[in-house]
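Pasting model_20.cif here (mmCIF, C-alpha atoms):
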data_entry
loop_
_atom_site.group_PDB
_atom_site.id
_atom_site.type_symbol
_atom_site.label_atom_id
_atom_site.label_comp_id
_atom_site.auth_asym_id
_atom_site.auth_seq_id
_atom_site.Cartn_x
_atom_site.Cartn_y
_atom_site.Cartn_z
ATOM 1 C CA MET E 155 -31.372 -43.970 28.044
ATOM 2 C CA ALA E 156 -32.784 -41.579 30.662
ATOM 3 C CA ARG E 157 -35.334 -38.997 29.675
ATOM 4 C CA SER E 158 -33.114 -36.084 30.616
ATOM 5 C CA THR E 159 -30.370 -37.540 28.426
ATOM 6 C CA VAL E 160 -32.691 -37.835 25.470
ATOM 7 C CA VAL E 161 -33.916 -34.281 25.913
ATOM 8 C CA ASN E 162 -30.349 -33.041 26.229
ATOM 9 C CA LEU E 163 -29.276 -34.864 23.082
ATOM 10 C CA ALA E 164 -32.247 -33.591 21.101
ATOM 11 C CA ALA E 165 -31.503 -30.039 22.190
ATOM 12 C CA GLY E 166 -27.813 -30.521 21.432
ATOM 13 C CA LEU E 167 -28.539 -31.902 17.975
ATOM 14 C CA GLU E 168 -30.791 -28.956 17.219
ATOM 15 C CA LYS E 169 -28.035 -26.657 18.417
ATOM 16 C CA SER E 170 -25.689 -28.379 15.962
ATOM 17 C CA GLY E 171 -28.054 -27.554 13.116
ATOM 18 C CA PHE E 172 -29.857 -30.876 12.835
ATOM 19 C CA HIS E 173 -33.577 -30.338 12.349
ATOM 20 C CA GLY E 174 -35.129 -33.667 11.463
ATOM 21 C CA SER E 175 -38.591 -35.092 11.875
ATOM 22 C CA PHE E 176 -39.483 -36.895 15.068
ATOM 23 C CA THR E 177 -38.406 -40.219 13.564
ATOM 24 C CA GLU E 178 -35.167 -38.764 12.214
ATOM 25 C CA MET E 179 -34.376 -37.139 15.543
ATOM 26 C CA ARG E 180 -35.017 -40.375 17.343
ATOM 27 C CA ALA E 181 -32.751 -42.279 14.960
ATOM 28 C CA LYS E 182 -30.036 -39.647 15.346
ATOM 29 C CA ILE E 183 -30.216 -39.814 19.127
ATOM 30 C CA LYS E 184 -29.726 -43.569 18.948
ATOM 31 C CA LYS E 185 -26.634 -43.046 16.792
ATOM 32 C CA VAL E 186 -25.210 -40.651 19.369
ATOM 33 C CA GLY E 187 -25.947 -43.212 22.080
ATOM 34 C CA LEU E 188 -24.174 -45.949 20.138
ATOM 35 C CA GLU E 189 -21.150 -43.709 19.613
ATOM 36 C CA VAL E 190 -21.015 -42.898 23.327
ATOM 37 C CA ALA E 191 -21.124 -46.631 24.079
ATOM 38 C CA ARG E 192 -18.313 -47.286 21.599
ATOM 39 C CA GLN E 193 -16.172 -44.533 23.113
ATOM 40 C CA HIS E 194 -16.809 -45.972 26.567
ATOM 41 C CA ALA E 195 -15.551 -49.365 25.424
ATOM 42 C CA ILE E 196 -12.459 -47.785 23.820
ATOM 43 C CA PHE E 197 -11.601 -45.786 26.927
ATOM 44 C CA VAL E 198 -12.013 -48.790 29.219
ATOM 45 C CA GLU E 199 -9.809 -50.943 27.001
ATOM 46 C CA ILE E 200 -7.032 -48.342 26.756
ATOM 47 C CA ASP E 201 -7.280 -47.621 30.490
ATOM 48 C CA ARG E 202 -6.911 -51.344 31.197
ATOM 49 C CA LYS E 203 -4.009 -51.823 28.780
ATOM 50 C CA GLN E 204 -2.112 -48.699 29.821
ATOM 51 C CA LYS E 205 -2.960 -49.094 33.522
ATOM 52 C CA ILE E 206 -4.156 -45.512 33.770
ATOM 53 C CA GLY E 207 -5.088 -44.087 37.173
ATOM 54 C CA SER E 208 -5.381 -46.036 40.411
ATOM 55 C CA VAL E 209 -7.326 -49.003 39.042
ATOM 56 C CA ALA E 210 -6.663 -50.391 35.580
ATOM 57 C CA GLY E 211 -9.867 -50.552 33.554
ATOM 58 C CA LEU E 212 -11.803 -48.251 35.882
ATOM 59 C CA LEU E 213 -12.502 -44.799 34.471
ATOM 60 C CA SER E 214 -12.469 -41.487 36.311
ATOM 61 C CA LEU E 215 -15.106 -38.752 36.164
ATOM 62 C CA SER E 216 -12.855 -36.793 33.872
ATOM 63 C CA GLN E 217 -12.416 -39.717 31.477
ATOM 64 C CA VAL E 218 -16.173 -40.287 31.373
ATOM 65 C CA ALA E 219 -16.690 -36.627 30.489
ATOM 66 C CA LYS E 220 -14.007 -36.801 27.805
ATOM 67 C CA TYR E 221 -15.442 -39.765 25.938
ATOM 68 C CA HIS E 222 -18.862 -38.105 25.980
ATOM 69 C CA HIS E 223 -17.308 -34.938 24.559
ATOM 70 C CA ILE E 224 -15.612 -36.932 21.793
ATOM 71 C CA ALA E 225 -18.847 -38.670 20.818
ATOM 72 C CA PHE E 226 -20.820 -35.427 20.979
ATOM 73 C CA ALA E 227 -18.256 -33.551 18.880
ATOM 74 C CA LYS E 228 -18.791 -35.975 15.997
ATOM 75 C CA PHE E 229 -22.401 -34.867 15.845
ATOM 76 C CA GLY E 230 -21.644 -31.194 16.460
ATOM 77 C CA ILE E 231 -23.188 -31.258 19.933
ATOM 78 C CA PRO E 232 -21.442 -28.715 22.201
ATOM 79 C CA SER E 233 -19.507 -30.331 25.025
ATOM 80 C CA ASN E 234 -21.435 -28.435 27.700
ATOM 81 C CA PHE E 235 -24.481 -30.527 26.841
ATOM 82 C CA TYR E 236 -22.876 -33.371 28.747
ATOM 83 C CA GLY E 237 -23.517 -33.783 32.428
ATOM 84 C CA GLY E 238 -26.572 -31.727 33.125
ATOM 85 C CA THR E 239 -29.480 -29.783 31.897
ATOM 86 C CA TRP E 240 -29.054 -27.293 29.092
ATOM 87 C CA LEU E 241 -31.605 -24.966 30.655
ATOM 88 C CA PHE E 242 -29.491 -23.994 33.597
ATOM 89 C CA ILE E 243 -32.033 -22.036 35.614
ATOM 90 C CA ILE E 244 -34.967 -24.437 35.233
ATOM 91 C CA PRO E 245 -35.135 -27.450 37.571
ATOM 92 C CA ASP E 246 -34.750 -30.830 35.829
ATOM 93 C CA SER E 247 -38.113 -32.037 37.094
ATOM 94 C CA LEU E 248 -39.989 -29.162 35.430
ATOM 95 C CA GLU E 249 -37.935 -29.502 32.289
ATOM 96 C CA LEU E 250 -38.709 -33.193 31.973
ATOM 97 C CA GLU E 251 -42.371 -32.567 32.650
ATOM 98 C CA ALA E 252 -42.396 -30.142 29.739
ATOM 99 C CA TYR E 253 -40.251 -31.953 27.198
ATOM 100 C CA GLY E 254 -39.655 -35.534 28.278
ATOM 101 C CA HIS E 255 -42.638 -37.157 26.597
ATOM 102 C CA LEU E 256 -41.793 -35.524 23.286
ATOM 103 C CA TYR E 257 -38.634 -37.508 22.814
ATOM 104 C CA CYS E 258 -38.764 -40.592 24.943
ATOM 105 C CA HIS E 259 -41.426 -43.254 24.599
ATOM 106 C CA ASP E 260 -39.390 -46.312 25.390
ATOM 107 C CA CYS E 261 -36.873 -45.061 27.904
ATOM 108 C CA ASP E 262 -36.175 -46.456 31.315
ATOM 109 C CA LEU E 263 -38.263 -44.334 33.621
ATOM 110 C CA ALA E 264 -36.366 -45.326 36.756
ATOM 111 C CA MET C 70 -12.826 8.949 63.827
ATOM 112 C CA ARG C 71 -14.627 5.641 63.977
ATOM 113 C CA TYR C 72 -16.760 6.728 60.979
ATOM 114 C CA TYR C 73 -13.627 7.292 58.838
ATOM 115 C CA ASN C 74 -12.180 3.940 59.822
ATOM 116 C CA LEU C 75 -15.362 2.208 58.771
ATOM 117 C CA LYS C 76 -15.403 4.118 55.502
ATOM 118 C CA THR C 77 -11.788 3.164 54.781
ATOM 119 C CA LEU C 78 -12.563 -0.434 55.590
ATOM 120 C CA THR C 79 -15.515 -0.378 53.212
ATOM 121 C CA TYR C 80 -13.287 0.946 50.412
ATOM 122 C CA VAL C 81 -10.623 -1.667 51.098
ATOM 123 C CA VAL C 82 -13.142 -4.517 51.108
ATOM 124 C CA THR C 83 -14.835 -3.253 47.941
ATOM 125 C CA LEU C 84 -11.535 -2.852 46.084
ATOM 126 C CA SER C 85 -10.377 -6.278 47.248
ATOM 127 C CA LEU C 86 -13.572 -7.885 45.993
ATOM 128 C CA MET C 87 -13.211 -6.109 42.648
ATOM 129 C CA ALA C 88 -9.619 -7.269 42.326
ATOM 130 C CA ALA C 89 -10.562 -10.847 43.185
ATOM 131 C CA SER C 90 -13.410 -10.714 40.717
ATOM 132 C CA CYS C 91 -11.105 -9.484 37.934
ATOM 133 C CA GLY C 92 -8.658 -12.281 38.679
ATOM 134 C CA ALA C 93 -11.393 -14.881 38.409
ATOM 135 C CA ASN C 94 -12.450 -13.623 34.997
ATOM 136 C CA GLU C 95 -9.178 -14.303 33.188
ATOM 137 C CA ASP C 96 -9.562 -15.283 29.557
ATOM 138 C CA TYR C 97 -7.586 -18.522 29.821
ATOM 139 C CA ILE C 98 -7.426 -21.672 31.919
ATOM 140 C CA ARG C 99 -4.063 -22.711 33.276
ATOM 141 C CA VAL C 100 -3.045 -26.345 32.856
ATOM 142 C CA ALA C 101 0.039 -27.461 34.743
ATOM 143 C CA PRO C 102 2.862 -26.988 34.301
ATOM 144 C CA SER C 103 2.835 -24.139 31.809
ATOM 145 C CA LEU C 104 -0.104 -24.102 29.407
ATOM 146 C CA CYS C 105 -2.610 -21.245 29.487
ATOM 147 C CA ILE C 106 -5.415 -22.310 27.167
ATOM 148 C CA PRO C 107 -7.761 -19.581 25.911
ATOM 149 C CA ILE C 108 -11.245 -20.211 27.239
ATOM 150 C CA ASN C 109 -12.726 -20.381 23.755
ATOM 151 C CA TYR C 110 -10.576 -23.483 23.143
ATOM 152 C CA ALA C 111 -10.836 -24.985 26.629
ATOM 153 C CA VAL C 112 -13.300 -27.693 27.608
ATOM 154 C CA THR C 113 -13.697 -28.475 31.281
ATOM 155 C CA THR C 114 -14.065 -32.154 32.067
ATOM 156 C CA ARG C 115 -14.682 -32.004 35.788
ATOM 157 C CA ASN C 116 -18.281 -32.787 36.595
ATOM 158 C CA SER C 117 -18.989 -32.747 40.283
ATOM 159 C CA ALA C 118 -22.680 -33.478 39.741
ATOM 160 C CA LEU C 119 -22.010 -37.121 38.959
ATOM 161 C CA PRO C 120 -21.613 -39.752 41.688
ATOM 162 C CA SER C 121 -17.967 -40.768 41.923
ATOM 163 C CA THR C 122 -17.898 -43.554 44.486
ATOM 164 C CA GLN C 123 -17.495 -46.306 41.909
ATOM 165 C CA LEU C 124 -15.088 -44.478 39.667
ATOM 166 C CA ASP C 125 -11.323 -44.229 39.547
ATOM 167 C CA PRO C 126 -10.208 -41.101 41.455
ATOM 168 C CA ASP C 127 -7.277 -40.588 39.066
ATOM 169 C CA SER C 128 -6.886 -40.532 35.333
ATOM 170 C CA ASP C 129 -3.339 -39.188 34.786
ATOM 171 C CA SER C 130 -4.719 -36.318 32.747
ATOM 172 C CA ALA C 131 -5.849 -32.748 33.179
ATOM 173 C CA ASP C 132 -9.446 -31.737 33.846
ATOM 174 C CA VAL C 133 -9.277 -29.477 30.831
ATOM 175 C CA SER C 134 -9.226 -30.533 27.184
ATOM 176 C CA ILE C 135 -8.688 -28.543 24.009
ATOM 177 C CA TYR C 136 -11.346 -28.253 21.326
ATOM 178 C CA LEU C 137 -10.213 -27.153 17.874
ATOM 179 C CA PRO C 138 -13.202 -26.635 15.533
ATOM 180 C CA PRO C 139 -13.341 -28.609 12.252
ATOM 181 C CA LYS C 140 -13.200 -25.488 10.092
ATOM 182 C CA GLU C 141 -10.065 -24.227 11.800
ATOM 183 C CA LEU C 142 -8.336 -27.528 11.054
ATOM 184 C CA ALA C 143 -9.550 -27.510 7.462
ATOM 185 C CA ASP C 144 -8.224 -23.969 7.024
ATOM 186 C CA ALA C 145 -4.882 -24.740 8.649
ATOM 187 C CA VAL C 146 -4.156 -28.183 7.210
ATOM 188 C CA PRO C 147 -4.633 -28.480 3.427
ATOM 189 C CA GLY C 148 -6.683 -31.556 2.583
ATOM 190 C CA TYR C 149 -8.145 -31.966 6.054
ATOM 191 C CA LEU C 150 -11.774 -33.084 5.919
ATOM 192 C CA ALA C 151 -13.881 -31.034 8.327
ATOM 193 C CA GLU C 152 -16.715 -33.473 7.842
ATOM 194 C CA THR C 153 -16.660 -37.093 6.743
ATOM 195 C CA LEU C 154 -19.418 -39.152 5.210
ATOM 196 C CA ILE C 155 -19.097 -42.875 5.780
ATOM 197 C CA GLY C 156 -22.035 -44.856 4.489
ATOM 198 C CA GLU C 157 -24.972 -42.694 5.473
ATOM 199 C CA GLN C 158 -23.242 -41.366 8.581
ATOM 200 C CA SER C 159 -21.739 -37.893 8.562
ATOM 201 C CA HIS C 160 -19.353 -36.917 11.320
ATOM 202 C CA GLN C 161 -17.789 -33.577 12.126
ATOM 203 C CA GLN C 162 -14.032 -33.781 12.518
ATOM 204 C CA ALA C 163 -13.130 -31.417 15.316
ATOM 205 C CA LEU C 164 -9.847 -32.043 17.089
ATOM 206 C CA TYR C 165 -10.584 -32.956 20.693
ATOM 207 C CA VAL C 166 -7.277 -32.960 22.529
ATOM 208 C CA MET C 167 -6.805 -34.492 25.977
ATOM 209 C CA ILE C 168 -3.836 -33.256 27.970
ATOM 210 C CA GLY C 169 -1.865 -35.693 30.097
ATOM 211 C CA GLN C 170 1.524 -36.112 31.633
ATOM 212 C CA PRO C 171 4.304 -37.622 29.512
ATOM 213 C CA ALA C 172 4.074 -41.382 29.770
ATOM 214 C CA VAL C 173 6.023 -44.335 28.497
ATOM 215 C CA ARG C 174 3.855 -46.229 26.036
ATOM 216 C CA ILE C 175 5.468 -49.531 25.225
ATOM 217 C CA LEU C 176 4.487 -51.507 22.169
ATOM 218 C CA GLU C 177 2.682 -54.596 23.362
ATOM 219 C CA SER C 178 3.789 -56.610 20.396
ATOM 220 C CA THR C 179 5.812 -56.148 17.246
ATOM 221 C CA ALA C 180 5.363 -59.718 16.104
ATOM 222 C CA THR C 181 2.513 -59.198 13.679
ATOM 223 C CA LEU C 182 2.741 -55.663 12.391
ATOM 224 C CA ALA C 183 0.186 -55.052 9.660
ATOM 225 C CA THR C 184 0.143 -51.914 7.576
ATOM 226 C CA LEU C 185 -2.684 -49.453 7.922
ATOM 227 C CA PRO C 186 -4.042 -48.494 4.518
ATOM 228 C CA SER C 187 -4.521 -44.825 5.471
ATOM 229 C CA ALA C 188 -0.942 -43.883 6.369
ATOM 230 C CA ALA C 189 2.183 -45.391 4.882
ATOM 231 C CA ASN C 190 4.331 -45.528 8.009
ATOM 232 C CA LEU C 191 1.684 -46.620 10.525
ATOM 233 C CA TYR C 192 1.175 -50.223 11.518
ATOM 234 C CA LYS C 193 -1.415 -52.141 13.451
ATOM 235 C CA ALA C 194 0.665 -53.569 16.264
ATOM 236 C CA GLU C 195 -1.817 -56.026 17.764
ATOM 237 C CA ALA C 196 -5.056 -57.758 16.945
ATOM 238 C CA GLY C 197 -6.904 -56.070 19.826
ATOM 239 C CA THR C 198 -10.571 -56.495 20.495
ATOM 240 C CA ILE C 199 -11.913 -52.948 20.577
ATOM 241 C CA ALA C 200 -8.961 -50.561 20.570
ATOM 242 C CA TRP C 201 -5.774 -51.780 18.929
ATOM 243 C CA GLN C 202 -2.392 -50.252 19.394
ATOM 244 C CA VAL C 203 -0.767 -48.570 16.405
ATOM 245 C CA ALA C 204 2.978 -48.222 15.860
ATOM 246 C CA GLU C 205 4.886 -45.695 13.810
ATOM 247 C CA ASN C 206 7.942 -46.709 11.834
ATOM 248 C CA ARG C 207 10.663 -44.161 12.500
ATOM 249 C CA GLU C 208 13.564 -45.134 10.267
ATOM 250 C CA GLY C 209 13.254 -48.803 11.074
ATOM 251 C CA THR C 210 12.306 -48.421 14.727
ATOM 252 C CA TYR C 211 8.727 -49.008 15.741
ATOM 253 C CA VAL C 212 7.348 -46.710 18.412
ATOM 254 C CA HIS C 213 3.931 -46.282 19.973
ATOM 255 C CA TRP C 214 1.732 -43.933 17.936
ATOM 256 C CA GLY C 215 -1.727 -44.319 19.480
ATOM 257 C CA HIS C 216 -4.802 -46.529 19.323
ATOM 258 C CA CYS C 217 -7.417 -47.102 16.646
ATOM 259 C CA SER C 218 -10.781 -48.820 16.632
ATOM 260 C CA HIS C 219 -13.440 -49.789 14.144
ATOM 261 C CA THR C 220 -16.437 -47.483 13.972
ATOM 262 C CA PHE C 221 -18.791 -50.282 12.827
ATOM 263 C CA VAL C 222 -20.292 -47.847 10.305
ATOM 264 C CA THR C 223 -18.718 -49.843 7.494
ATOM 265 C CA GLU C 224 -16.624 -52.967 7.618
ATOM 266 C CA LYS C 225 -13.259 -51.249 7.227
ATOM 267 C CA HIS C 226 -13.747 -47.769 8.609
ATOM 268 C CA TYR C 227 -11.954 -46.822 11.811
ATOM 269 C CA ASP C 228 -10.860 -43.809 13.816
ATOM 270 C CA CYS C 229 -7.996 -43.233 16.181
ATOM 271 C CA LEU C 230 -6.660 -41.593 19.313
ATOM 272 C CA ARG C 231 -3.218 -40.227 18.514
ATOM 273 C CA ASP C 232 -0.739 -39.947 21.422
ATOM 274 C CA LEU C 233 1.634 -37.051 20.813
ATOM 275 C CA GLN C 234 4.452 -36.842 23.359
ATOM 276 C CA THR C 235 6.373 -33.695 24.203
ATOM 277 C CA ALA C 236 8.819 -32.985 27.017
ATOM 278 C CA ASN C 237 6.088 -31.978 29.458
ATOM 279 C CA TYR C 238 2.849 -33.263 27.977
ATOM 280 C CA LEU C 239 1.046 -36.142 26.379
ATOM 281 C CA PHE C 240 -1.501 -34.774 23.920
ATOM 282 C CA THR C 241 -4.072 -37.351 22.856
ATOM 283 C CA TYR C 242 -6.305 -36.278 20.016
ATOM 284 C CA THR C 243 -9.067 -37.773 17.899
ATOM 285 C CA ILE C 244 -8.527 -38.400 14.194
ATOM 286 C CA ASP C 245 -10.589 -40.160 11.555
ATOM 287 C CA ALA C 246 -8.992 -42.684 9.187
ATOM 288 C CA LEU C 247 -9.810 -40.367 6.275
ATOM 289 C CA ASN C 248 -7.572 -37.682 7.799
ATOM 290 C CA LEU C 249 -4.917 -40.057 9.072
ATOM 291 C CA HIS C 250 -2.431 -39.381 6.274
ATOM 292 C CA LEU C 251 -2.245 -35.794 7.610
ATOM 293 C CA TYR C 252 -1.284 -36.661 11.173
ATOM 294 C CA LYS C 253 2.185 -35.101 10.944
ATOM 295 C CA GLU C 254 0.706 -31.810 9.776
ATOM 296 C CA ILE C 255 -1.908 -32.010 12.546
ATOM 297 C CA ASP C 256 0.826 -32.751 15.090
ATOM 298 C CA ALA C 257 2.701 -29.671 13.909
ATOM 299 C CA TYR C 258 -0.390 -27.470 14.006
ATOM 300 C CA LEU C 259 -1.296 -28.599 17.500
ATOM 301 C CA LEU C 260 2.243 -28.001 18.747
ATOM 302 C CA SER C 261 2.292 -24.544 17.187
ATOM 303 C CA LYS C 262 -0.951 -23.691 18.988
ATOM 304 C CA ALA C 263 0.350 -25.103 22.263
ATOM 305 C CA SER C 264 3.539 -23.055 21.909
ATOM 306 C CA LEU C 265 1.439 -19.933 21.579
ATOM 307 C CA TRP C 266 -0.417 -20.924 24.722
ATOM 308 C CA LYS C 267 2.592 -21.194 27.016
ATOM 309 C CA CYS C 268 1.898 -19.084 30.087
ATOM 310 C CA ALA C 269 3.620 -15.704 30.239
ATOM 311 C CA ASP C 270 5.684 -16.739 33.259
ATOM 312 C CA ASN C 271 6.873 -19.949 31.554
ATOM 313 C CA ARG C 272 7.704 -18.806 28.050
ATOM 314 C CA GLU C 273 11.215 -20.251 28.208
ATOM 315 C CA GLU C 274 10.191 -23.742 29.309
ATOM 316 C CA LYS C 275 9.939 -26.576 26.845
ATOM 317 C CA LEU C 276 6.496 -27.581 25.721
#

The structure in this file should be written as structure tokens.
Amino acid sequence: MARSTVVNLAAGLEKSGFHGSFTEMRAKIKKVGLEVARQHAIFVEIDRKQKIGSVAGLLSLSQVAKYHHIAFAKFGIPSNFYGGTWLFIIPDSLELEAYGHLYCHDCDLA
Amino acid sequence: MRYYNLKTLTYVVTLSLMAASCGANEDYIRVAPSLCIPINYAVTTRNSALPSTQLDPDSDSADVSIYLPPKELADAVPGYLAETLIGEQSHQQALYVMIGQPAVRILESTATLATLPSAANLYKAEAGTIAWQVAENREGTYVHWGHCSHTFVTEKHYDCLRDLQTANYLFTYTIDALNLHLYKEIDAYLLSKASLWKCADNREEKL
């Protein structure tokens, strides 16, 4: 999970009213990640079965956004937390410099 | 004379910009052919920031979804659980509704219909690996209802994507197994909302 994603999810969870310890936040973020992965699998399977779009089994940008929204909604994370930074006027690089290390110790840094 | 022409032009340009600006700030988003969804219920799903070269350019559905908050559903549909607790996992039960074009959804198999414990007239129509098709028994005829999938939170818990067809739309919404017995009431509520959201210039058209 990318650092920016982790930061976004942590901010989104706090927005939803979740205020856990570091360990609890980390565990919650993993649950959100697992739910996103499950929704991805569901969407791919239905897309393949129903032959949705131009290529069966291949999702569109819109579908990717939708399954993220569905997973986020379960945790009360607003849908606009998907697909970008939640601090709109601050560049991602500065944001990650400030917050990234707080949430992500084992993330892929690439 | 030239001064007055320039002044008039300035007024015209300013008024035009103001008019355009007002038009852009409408309080709804139009979804073809005739839905005007209030912006507080609309969720945009277009994200141009992501790379799209390896993705499907089409998805047969609109770039706008509907978000109905859990509390609104709980207030509107008696018995609806706004939040579920399965094992140690709590989930909010908002209604996230994707809007597509009407589509023929054929049952893949009716050979091994198994009843779903949560709703009396719904049946698991196939074994499926991740998402399995669900059929509805309408007076002896089985028709496509949607898809369900295990949540892996507990052994038996699952949630679903309900496909609700109308003349002009396919509404696909999320529903937890614990609310599944209320799907007809949820269908009706969603359709009543959608009827309210028909655009002013298309009030007479079917939903």

query: Which distance in Å separates atom CA of C:His226 and atom CA of E:Ala225, to one decimal?
result: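 These two atoms are separated by 16.1 Å.
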
- request: Apply the PyMOL selection byres ((chain E) within 12 of (chain C)) to the file shown and report the selected residues as number ranges by chain.
  value: E: 170-172, 181-182, 185-186, 188-239

- prompt: Which value, in Å to one decimal, gives the distance between atom CA of C:Phe240 and atom CA of C:Arg99?
  reply: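 Calculated distance between atom CA of C:Phe240 and atom CA of C:Arg99 is 15.5 Å.
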
query: In file coordinates, which residues lie within 12 Å of (0.0, -23.4, 28.7) using all atoms listed in the file, given as JSON, numbers by chain?
result: {"C": [97, 98, 99, 100, 101, 102, 103, 104, 105, 106, 107, 108, 110, 111, 131, 133, 134, 135, 168, 237, 238, 260, 261, 262, 263, 264, 265, 266, 267, 268, 269, 270, 271, 272, 273, 274, 275, 276]}

- request: To one decimal in Å, tell me the separation between atom CA of E:His173 and atom CA of C:Lys225.
  value: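 Calculated distance between atom CA of E:His173 and atom CA of C:Lys225 is 29.6 Å.
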
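This file, filtered with the PyMOL selection byres ((chain C and resi 255) around 10), gives the residues C:Leu142, C:Ala145, C:Val146, C:Tyr149, C:Leu164, C:Tyr242, C:Ile244, C:Asn248, C:Leu249, C:His250, C:Leu251, C:Tyr252, C:Lys253, C:Glu254, C:Asp256, C:Ala257, C:Tyr258, C:Leu259, C:Leu260, C:Ser261.
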
Have stretch 129-142 of chain C completed to N, CA and C atoms, please, and pass it along as a CSV table (one decimal), keeping the file's coordinate frame.
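As written to disk, result.csv reads:
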chain,number,residue,atom,x,y,z
C,129,ASP,N,-4.6,-39.6,35.4
C,129,ASP,CA,-3.3,-39.2,34.8
C,129,ASP,C,-3.5,-38.1,33.8
C,130,SER,N,-4.6,-37.4,33.7
C,130,SER,CA,-4.7,-36.3,32.7
C,130,SER,C,-5.4,-35.1,33.4
C,131,ALA,N,-5.3,-34.0,32.7
C,131,ALA,CA,-5.8,-32.7,33.2
C,131,ALA,C,-7.4,-32.7,33.1
C,132,ASP,N,-8.0,-31.9,33.9
C,132,ASP,CA,-9.4,-31.7,33.8
C,132,ASP,C,-9.9,-30.7,32.8
C,133,VAL,N,-9.0,-30.4,31.9
C,133,VAL,CA,-9.3,-29.5,30.8
C,133,VAL,C,-8.8,-30.1,29.5
C,134,SER,N,-9.6,-30.1,28.5
C,134,SER,CA,-9.2,-30.5,27.2
C,134,SER,C,-9.2,-29.3,26.2
C,135,ILE,N,-8.7,-29.6,25.0
C,135,ILE,CA,-8.7,-28.5,24.0
C,135,ILE,C,-9.7,-28.9,22.9
C,136,TYR,N,-10.4,-28.0,22.4
C,136,TYR,CA,-11.3,-28.3,21.3
C,136,TYR,C,-11.0,-27.3,20.2
C,137,LEU,N,-10.5,-27.9,19.1
C,137,LEU,CA,-10.2,-27.2,17.9
C,137,LEU,C,-11.3,-27.4,16.8
C,138,PRO,N,-12.1,-26.4,16.4
C,138,PRO,CA,-13.2,-26.6,15.5
C,138,PRO,C,-12.8,-27.2,14.2
C,139,PRO,N,-13.7,-28.0,13.5
C,139,PRO,CA,-13.3,-28.6,12.3
C,139,PRO,C,-12.9,-27.6,11.2
C,140,LYS,N,-13.5,-26.5,11.1
C,140,LYS,CA,-13.2,-25.5,10.1
C,140,LYS,C,-11.8,-24.9,10.3
C,141,GLU,N,-11.4,-24.7,11.5
C,141,GLU,CA,-10.1,-24.2,11.8
C,141,GLU,C,-9.0,-25.2,11.3
C,142,LEU,N,-9.3,-26.5,11.5
C,142,LEU,CA,-8.3,-27.5,11.1
C,142,LEU,C,-8.3,-27.5,9.5
